[in-house]
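Asks: There's a structure below that I have some questions on.
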Amino acid sequence: MKKVFLSGASGSVGKTIVRAIGEKNDLELVGGWCLEDGADLGTLAGTAPIGIAASSDLDGALIAAAPDIVIDFSSAPVMKGNLQCYLRHGLDAVVGTTGLTDAELAPFKESVAQKELRWAVIPNYGLGINLAADFIRRARAHYPFVTITEQHTNQMANAPSGTAEMLAAAAGGSSPDVKSRESFPGALGAKINGVPVFSERIPLPAPYSSHTITLARADEVVTITVADHTSDIYLDGIFLTVEKLPSLPAGSFIRSLSEITG
């Protein structure tokens with residue numbers, strides 16, 4: 001039985017994980033971190049109480065719980081501090097990042113290697129978006145133009161999403177220049193890895209998000225939209241990563257679900 005600690009336990013994905021982990025025979029939830037100090041994690045997740053209280057003291061909660069692995073789906077503003085905490089405690093971690101760049105994660109990657117830990121720091125654990133990223137990698141050589149548009153609730157802490165950054169990295173290089181010149185800054189999108197990325201923030205139901213990838217060449221446009229309506233779609237990727245992470249070489253720092261699925 002693997003002991004799991006959950007950070008971001010009161011968020012949309014966190015609540016989904018709490019509900020699902022109770023049905024796993026090989027996983028035991030031993031603690032959780034969120035702002036709702038003292039609240040039962042089951043109650044927060046909308047189920048019956050499970051006898052595990054949330055803590056707002058991450059260091060103290062980790063010491064008390066003594067987990068084998070941490071799952072973290074906290075928001076970007078607190079994520080760096082959380083990651084530093086996992087390093088101090090020498091814990092393996094499965095992290096859902098959004099809003100942290102590769103440059104910001106570089107020091108953590110180095111520390112994970114030095115401490116011989118195993119971390120999966122993946123922007124999106126959904127099957128559909130990762131299959132779309134794999135397609136982009138294969139198709140991009142034939143489609144020189146690419147844009148990415150992502151849509152989230154107006155309550156999201158950052159723009160663009162970490163998933164959009166992941167897709168731009170999968171595209172692997174700049175689109176050709178266009179003749180249009182911006183009359184207003186940003187009209188042609190923010191450039192990530194040379195790829196134009198557009199973010200839309202409107203009052204959508206919080207679990208909903210969508211990412212649209214447009215690939216183009218002369219006379220042909222390919223458009224792929226992946227829309228996620230609930231947080232349940234992340235569970236398969238999360239739990240597969242929790243299962244496989246301990247078997248990876250010490251010092252592994254995984255940035256893509258494809259590195260887990262093979």
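In the structure tokens, each chain is lettered A, B, ... as it comes, each chain's residues begin at 1, and ligands are numbered from 1 in order of appearance.
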Identify, on the basis of only C-alpha atoms, every residue whose closest approach to Asp134 in chain A does not exceed 10 Å; exclude the query and any residue fewer than 6 positions from it along the same chain; express the result as an mmCIF file with C-alpha atoms, in the first residue's frame.
Replies:
```cif
data_model
loop_
_atom_site.group_PDB
_atom_site.id
_atom_site.type_symbol
_atom_site.label_atom_id
_atom_site.label_comp_id
_atom_site.auth_asym_id
_atom_site.auth_seq_id
_atom_site.Cartn_x
_atom_site.Cartn_y
_atom_site.Cartn_z
ATOM 1 C CA GLY A 128 -6.542 13.665 -25.312
ATOM 2 C CA LEU A 167 1.831 22.364 -26.924
ATOM 3 C CA ALA A 170 5.690 20.127 -28.972
ATOM 4 C CA ALA A 171 5.339 22.263 -32.109
ATOM 5 C CA SER A 258 4.341 10.279 -23.084
#
```
Asks: Could you pull out the residues in range 105-214 of chain A that DSSP calls strand (DSSP E) from the backbone, as a ChimeraX atom specification?
Replies: /A:119-122,145-153,190-192,195-202,209-214
Asks: Output as a ChimeraX atom specification all residues of range 22-167 of chain A that backbone DSSP marks as helix (DSSP H, G or I).
Replies: /A:41-44,58-65,76-89,102-115,127-142,162-167
Asks: What is the distance between CA of Pro203 in chain A and CA of Val226 in chain A, in Å to one decimal?
Replies: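 Interatomic distance here is 18.6 Å.
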Asks: Given only C-alpha atoms, how would the per-residue table for range 123-233 of chain A near range 11-16 of chain A read, listing every residue at most 9 Å away with its closest atom pair and distance in Å to one decimal, sorted by chain and number, as JSON lines?
Replies:
```
{"residue": "A:Ala206", "atom": "CA", "partner": "A:Ser12", "partner_atom": "CA", "distance": 7.7}
{"residue": "A:Pro207", "atom": "CA", "partner": "A:Ser12", "partner_atom": "CA", "distance": 6.5}
{"residue": "A:Thr230", "atom": "CA", "partner": "A:Ser12", "partner_atom": "CA", "distance": 8.6}
{"residue": "A:Ser231", "atom": "CA", "partner": "A:Val13", "partner_atom": "CA", "distance": 5.4}
{"residue": "A:Asp232", "atom": "CA", "partner": "A:Thr16", "partner_atom": "CA", "distance": 6.4}
```
Asks: Quote the spacing between CA of Pro77 in chain A and CA of Ser161 in chain A in Å to one decimal place.
Replies: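 Pair CA of Pro77 in chain A / CA of Ser161 in chain A returns 13.4 Å.
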Asks: Might you pull out every residue within 12 Å of Thr241 in chain A, with only C-alpha atoms counted and same-chain residues fewer than 5 positions away left off, and present them as a PDB file with N, CA, C and O atoms, in the first residue's frame?
Replies:
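What landed in out_36.pdb:
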```pdb
ATOM      1  N   ILE A  69       4.763   9.317  -1.371  1.00  0.00           N
ATOM      2  CA  ILE A  69       4.732  10.151  -2.567  1.00  0.00           C
ATOM      3  C   ILE A  69       3.732  11.283  -2.364  1.00  0.00           C
ATOM      4  O   ILE A  69       2.773  11.144  -1.604  1.00  0.00           O
ATOM      5  N   VAL A  70       3.984  12.404  -3.021  1.00  0.00           N
ATOM      6  CA  VAL A  70       3.086  13.558  -2.974  1.00  0.00           C
ATOM      7  C   VAL A  70       2.453  13.759  -4.339  1.00  0.00           C
ATOM      8  O   VAL A  70       3.123  13.640  -5.370  1.00  0.00           O
ATOM      9  N   ILE A  71       1.153  14.064  -4.333  1.00  0.00           N
ATOM     10  CA  ILE A  71       0.466  14.548  -5.534  1.00  0.00           C
ATOM     11  C   ILE A  71       0.126  16.011  -5.274  1.00  0.00           C
ATOM     12  O   ILE A  71      -0.474  16.337  -4.250  1.00  0.00           O
ATOM     13  N   ASP A  92       9.371  11.941  -3.446  1.00  0.00           N
ATOM     14  CA  ASP A  92       8.972  11.829  -4.836  1.00  0.00           C
ATOM     15  C   ASP A  92       7.641  12.563  -5.016  1.00  0.00           C
ATOM     16  O   ASP A  92       6.840  12.658  -4.076  1.00  0.00           O
ATOM     17  N   ALA A  93       7.396  13.067  -6.220  1.00  0.00           N
ATOM     18  CA  ALA A  93       6.213  13.912  -6.403  1.00  0.00           C
ATOM     19  C   ALA A  93       5.635  13.768  -7.802  1.00  0.00           C
ATOM     20  O   ALA A  93       6.366  13.642  -8.784  1.00  0.00           O
ATOM     21  N   VAL A  94       4.309  13.802  -7.858  1.00  0.00           N
ATOM     22  CA  VAL A  94       3.551  13.886  -9.106  1.00  0.00           C
ATOM     23  C   VAL A  94       2.859  15.236  -9.083  1.00  0.00           C
ATOM     24  O   VAL A  94       1.989  15.485  -8.249  1.00  0.00           O
ATOM     25  N   VAL A  95       3.262  16.126  -9.985  1.00  0.00           N
ATOM     26  CA  VAL A  95       2.860  17.535  -9.914  1.00  0.00           C
ATOM     27  C   VAL A  95       2.142  17.933 -11.193  1.00  0.00           C
ATOM     28  O   VAL A  95       2.609  17.644 -12.299  1.00  0.00           O
ATOM     29  N   GLY A  96       1.013  18.608 -11.019  1.00  0.00           N
ATOM     30  CA  GLY A  96       0.309  19.189 -12.151  1.00  0.00           C
ATOM     31  C   GLY A  96       0.628  20.666 -12.217  1.00  0.00           C
ATOM     32  O   GLY A  96       0.099  21.446 -11.424  1.00  0.00           O
ATOM     33  N   ARG A 118      12.482  11.261  -7.699  1.00  0.00           N
ATOM     34  CA  ARG A 118      11.746  11.024  -8.943  1.00  0.00           C
ATOM     35  C   ARG A 118      10.537  11.956  -8.953  1.00  0.00           C
ATOM     36  O   ARG A 118       9.661  11.828  -8.105  1.00  0.00           O
ATOM     37  N   TRP A 119      10.520  12.863  -9.904  1.00  0.00           N
ATOM     38  CA  TRP A 119       9.405  13.802 -10.019  1.00  0.00           C
ATOM     39  C   TRP A 119       8.816  13.730 -11.424  1.00  0.00           C
ATOM     40  O   TRP A 119       9.540  13.644 -12.420  1.00  0.00           O
ATOM     41  N   ALA A 120       7.492  13.791 -11.479  1.00  0.00           N
ATOM     42  CA  ALA A 120       6.772  14.022 -12.734  1.00  0.00           C
ATOM     43  C   ALA A 120       6.136  15.397 -12.618  1.00  0.00           C
ATOM     44  O   ALA A 120       5.279  15.613 -11.750  1.00  0.00           O
ATOM     45  N   VAL A 121       6.574  16.330 -13.435  1.00  0.00           N
ATOM     46  CA  VAL A 121       6.088  17.708 -13.391  1.00  0.00           C
ATOM     47  C   VAL A 121       5.476  17.993 -14.757  1.00  0.00           C
ATOM     48  O   VAL A 121       6.148  18.448 -15.684  1.00  0.00           O
ATOM     49  N   ILE A 122       4.202  17.701 -14.868  1.00  0.00           N
ATOM     50  CA  ILE A 122       3.529  17.624 -16.171  1.00  0.00           C
ATOM     51  C   ILE A 122       2.383  18.635 -16.220  1.00  0.00           C
ATOM     52  O   ILE A 122       1.561  18.685 -15.304  1.00  0.00           O
ATOM     53  N   ASN A 124      -0.312  18.759 -18.046  1.00  0.00           N
ATOM     54  CA  ASN A 124      -1.660  18.237 -18.262  1.00  0.00           C
ATOM     55  C   ASN A 124      -1.595  16.713 -18.306  1.00  0.00           C
ATOM     56  O   ASN A 124      -0.846  16.149 -19.099  1.00  0.00           O
ATOM     57  N   TYR A 125      -2.400  16.069 -17.474  1.00  0.00           N
ATOM     58  CA  TYR A 125      -2.415  14.609 -17.397  1.00  0.00           C
ATOM     59  C   TYR A 125      -3.538  13.987 -18.217  1.00  0.00           C
ATOM     60  O   TYR A 125      -3.789  12.793 -18.136  1.00  0.00           O
ATOM     61  N   GLY A 126      -4.212  14.801 -19.019  1.00  0.00           N
ATOM     62  CA  GLY A 126      -5.299  14.282 -19.845  1.00  0.00           C
ATOM     63  C   GLY A 126      -4.785  13.500 -21.038  1.00  0.00           C
ATOM     64  O   GLY A 126      -3.795  13.880 -21.674  1.00  0.00           O
ATOM     65  N   TYR A 234      -8.419  13.625 -15.928  1.00  0.00           N
ATOM     66  CA  TYR A 234      -6.998  13.593 -15.570  1.00  0.00           C
ATOM     67  C   TYR A 234      -6.615  12.359 -14.744  1.00  0.00           C
ATOM     68  O   TYR A 234      -5.425  12.070 -14.587  1.00  0.00           O
ATOM     69  N   LEU A 235      -7.593  11.654 -14.219  1.00  0.00           N
ATOM     70  CA  LEU A 235      -7.303  10.610 -13.235  1.00  0.00           C
ATOM     71  C   LEU A 235      -6.458   9.473 -13.788  1.00  0.00           C
ATOM     72  O   LEU A 235      -5.535   8.993 -13.114  1.00  0.00           O
ATOM     73  N   ASP A 236      -6.765   9.000 -14.987  1.00  0.00           N
ATOM     74  CA  ASP A 236      -5.994   7.881 -15.549  1.00  0.00           C
ATOM     75  C   ASP A 236      -4.518   8.240 -15.645  1.00  0.00           C
ATOM     76  O   ASP A 236      -3.646   7.440 -15.264  1.00  0.00           O
ATOM     77  N   PRO A 246       7.947   5.169  -9.258  1.00  0.00           N
ATOM     78  CA  PRO A 246       9.003   4.526  -8.466  1.00  0.00           C
ATOM     79  C   PRO A 246       9.932   3.617  -9.265  1.00  0.00           C
ATOM     80  O   PRO A 246      11.051   3.341  -8.816  1.00  0.00           O
ATOM     81  N   SER A 247       9.491   3.151 -10.420  1.00  0.00           N
ATOM     82  CA  SER A 247      10.313   2.249 -11.229  1.00  0.00           C
ATOM     83  C   SER A 247      11.263   2.996 -12.160  1.00  0.00           C
ATOM     84  O   SER A 247      12.110   2.378 -12.811  1.00  0.00           O
ATOM     85  N   LEU A 248      11.142   4.321 -12.229  1.00  0.00           N
ATOM     86  CA  LEU A 248      12.020   5.112 -13.088  1.00  0.00           C
ATOM     87  C   LEU A 248      13.384   5.289 -12.420  1.00  0.00           C
ATOM     88  O   LEU A 248      13.515   5.172 -11.199  1.00  0.00           O
ATOM     89  N   ILE A 254      10.334  14.071 -15.038  1.00  0.00           N
ATOM     90  CA  ILE A 254       9.489  13.809 -16.201  1.00  0.00           C
ATOM     91  C   ILE A 254       8.640  15.038 -16.511  1.00  0.00           C
ATOM     92  O   ILE A 254       8.018  15.620 -15.623  1.00  0.00           O
ATOM     93  N   ARG A 255       8.614  15.439 -17.783  1.00  0.00           N
ATOM     94  CA  ARG A 255       7.867  16.631 -18.176  1.00  0.00           C
ATOM     95  C   ARG A 255       6.724  16.340 -19.141  1.00  0.00           C
ATOM     96  O   ARG A 255       5.980  17.244 -19.523  1.00  0.00           O
ATOM     97  N   SER A 256       6.560  15.074 -19.539  1.00  0.00           N
ATOM     98  CA  SER A 256       5.513  14.726 -20.497  1.00  0.00           C
ATOM     99  C   SER A 256       4.897  13.389 -20.130  1.00  0.00           C
ATOM    100  O   SER A 256       5.612  12.459 -19.724  1.00  0.00           O
ATOM    101  N   LEU A 257       3.593  13.279 -20.285  1.00  0.00           N
ATOM    102  CA  LEU A 257       2.932  12.018 -20.000  1.00  0.00           C
ATOM    103  C   LEU A 257       3.396  10.920 -20.939  1.00  0.00           C
ATOM    104  O   LEU A 257       3.369   9.731 -20.579  1.00  0.00           O
ATOM    105  N   SER A 258       3.853  11.290 -22.126  1.00  0.00           N
ATOM    106  CA  SER A 258       4.341  10.279 -23.084  1.00  0.00           C
ATOM    107  C   SER A 258       5.564   9.560 -22.542  1.00  0.00           C
ATOM    108  O   SER A 258       5.845   8.422 -22.918  1.00  0.00           O
ATOM    109  N   GLU A 259       6.329  10.201 -21.627  1.00  0.00           N
ATOM    110  CA  GLU A 259       7.466   9.538 -21.006  1.00  0.00           C
ATOM    111  C   GLU A 259       7.016   8.460 -20.028  1.00  0.00           C
ATOM    112  O   GLU A 259       7.779   7.550 -19.703  1.00  0.00           O
ATOM    113  N   ILE A 260       5.777   8.548 -19.579  1.00  0.00           N
ATOM    114  CA  ILE A 260       5.200   7.544 -18.686  1.00  0.00           C
ATOM    115  C   ILE A 260       4.524   6.448 -19.491  1.00  0.00           C
ATOM    116  O   ILE A 260       4.686   5.254 -19.205  1.00  0.00           O
ATOM    117  N   THR A 261       3.752   6.835 -20.495  1.00  0.00           N
ATOM    118  CA  THR A 261       3.014   5.848 -21.278  1.00  0.00           C
ATOM    119  C   THR A 261       3.895   5.103 -22.254  1.00  0.00           C
ATOM    120  O   THR A 261       3.536   4.031 -22.739  1.00  0.00           O
ATOM    121  N   GLY A 262       5.072   5.684 -22.571  1.00  0.00           N
ATOM    122  CA  GLY A 262       6.003   5.012 -23.484  1.00  0.00           C
ATOM    123  C   GLY A 262       5.565   5.083 -24.919  1.00  0.00           C
ATOM    124  O   GLY A 262       6.049   4.353 -25.743  1.00  0.00           O
TER     125      GLY A 262
END
```
Asks: Would you kindly return, as a ChimeraX atom specification, each protein, DNA or RNA residue with an atom no farther than 8 Å from any atom of Leu44 in chain A, considering only C-alpha atoms and excluding same-chain residues fewer than 3 positions away?
Replies: /A:10,15,39-41,47
Asks: Atoms to include: N, CA, C and O atoms. Write the selected residues as a PDB file, in the first residue's frame.
Replies:
```
ATOM      1  N   SER A  10      -8.385  20.979  -1.874  1.00  0.00           N
ATOM      2  CA  SER A  10      -9.715  21.570  -2.002  1.00  0.00           C
ATOM      3  C   SER A  10      -9.985  22.141  -3.390  1.00  0.00           C
ATOM      4  O   SER A  10     -11.053  22.704  -3.635  1.00  0.00           O
ATOM      5  N   LYS A  15     -10.188  17.610  -5.260  1.00  0.00           N
ATOM      6  CA  LYS A  15     -11.422  16.962  -4.815  1.00  0.00           C
ATOM      7  C   LYS A  15     -11.686  15.672  -5.602  1.00  0.00           C
ATOM      8  O   LYS A  15     -12.109  14.652  -5.043  1.00  0.00           O
ATOM      9  N   ALA A  39     -10.480  20.918   8.127  1.00  0.00           N
ATOM     10  CA  ALA A  39     -11.654  20.341   7.462  1.00  0.00           C
ATOM     11  C   ALA A  39     -11.360  18.913   7.023  1.00  0.00           C
ATOM     12  O   ALA A  39     -10.237  18.580   6.644  1.00  0.00           O
ATOM     13  N   ASP A  40     -12.359  18.049   7.109  1.00  0.00           N
ATOM     14  CA  ASP A  40     -12.199  16.677   6.653  1.00  0.00           C
ATOM     15  C   ASP A  40     -12.070  16.651   5.130  1.00  0.00           C
ATOM     16  O   ASP A  40     -12.852  17.298   4.420  1.00  0.00           O
ATOM     17  N   LEU A  41     -11.074  15.926   4.630  1.00  0.00           N
ATOM     18  CA  LEU A  41     -10.839  15.907   3.183  1.00  0.00           C
ATOM     19  C   LEU A  41     -12.017  15.309   2.424  1.00  0.00           C
ATOM     20  O   LEU A  41     -12.328  15.739   1.309  1.00  0.00           O
ATOM     21  N   THR A  47     -17.973  14.114  -0.284  1.00  0.00           N
ATOM     22  CA  THR A  47     -18.341  12.746   0.074  1.00  0.00           C
ATOM     23  C   THR A  47     -18.485  12.661   1.590  1.00  0.00           C
ATOM     24  O   THR A  47     -18.416  13.655   2.304  1.00  0.00           O
TER      25      THR A  47
END
```
Asks: For CA of Arg201 in chain A and CA of Thr153 in chain A, quote the distance in Å rounded to one decimal.
Replies: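 Those two atoms sit 5.3 Å apart.
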Asks: Determine the nearest neighbour of Met156 in chain A from the options A:Leu204, A:Ile192, A:Phe184, A:Ser175, counting only C-alpha atoms.
Replies: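 Among the listed residues, A:Leu204 lies closest to Met156 in chain A.
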Asks: List the neighbours of Glu165 in chain A out to 10 Å using only C-alpha atoms; skip same-chain residues closer than 3 positions along the sequence, and give me the result as a PyMOL selection string.
Replies: chain A and resi 98-102+123+148+159-162+168-171+191-193+195+197
Asks: Excluding Phe5 in chain A and residues on its chain fewer than 6 positions from it, collect all residues at most 12 Å away from it, counting only C-alpha atoms, and give them as a ChimeraX atom specification.
Replies: /A:14,17-18,21,27-34,41,52-55,58-59,61-73,86,91-95,242
Asks: Restricting the calculation to only C-alpha atoms, which member of A:Ile129, A:Ala190, A:Glu220, A:Glu104 is positioned closest to Phe145 in chain A?
Replies: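 Nearest to Phe145 in chain A: A:Glu220.
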Asks: Taking only C-alpha atoms into account, which of A:Ala132, A:Val146, A:Val178, A:Ala157 comes nearest Ile224 in chain A?
Replies: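 Once distances to Ile224 in chain A are computed over only C-alpha atoms, the minimum belongs to A:Ala132.
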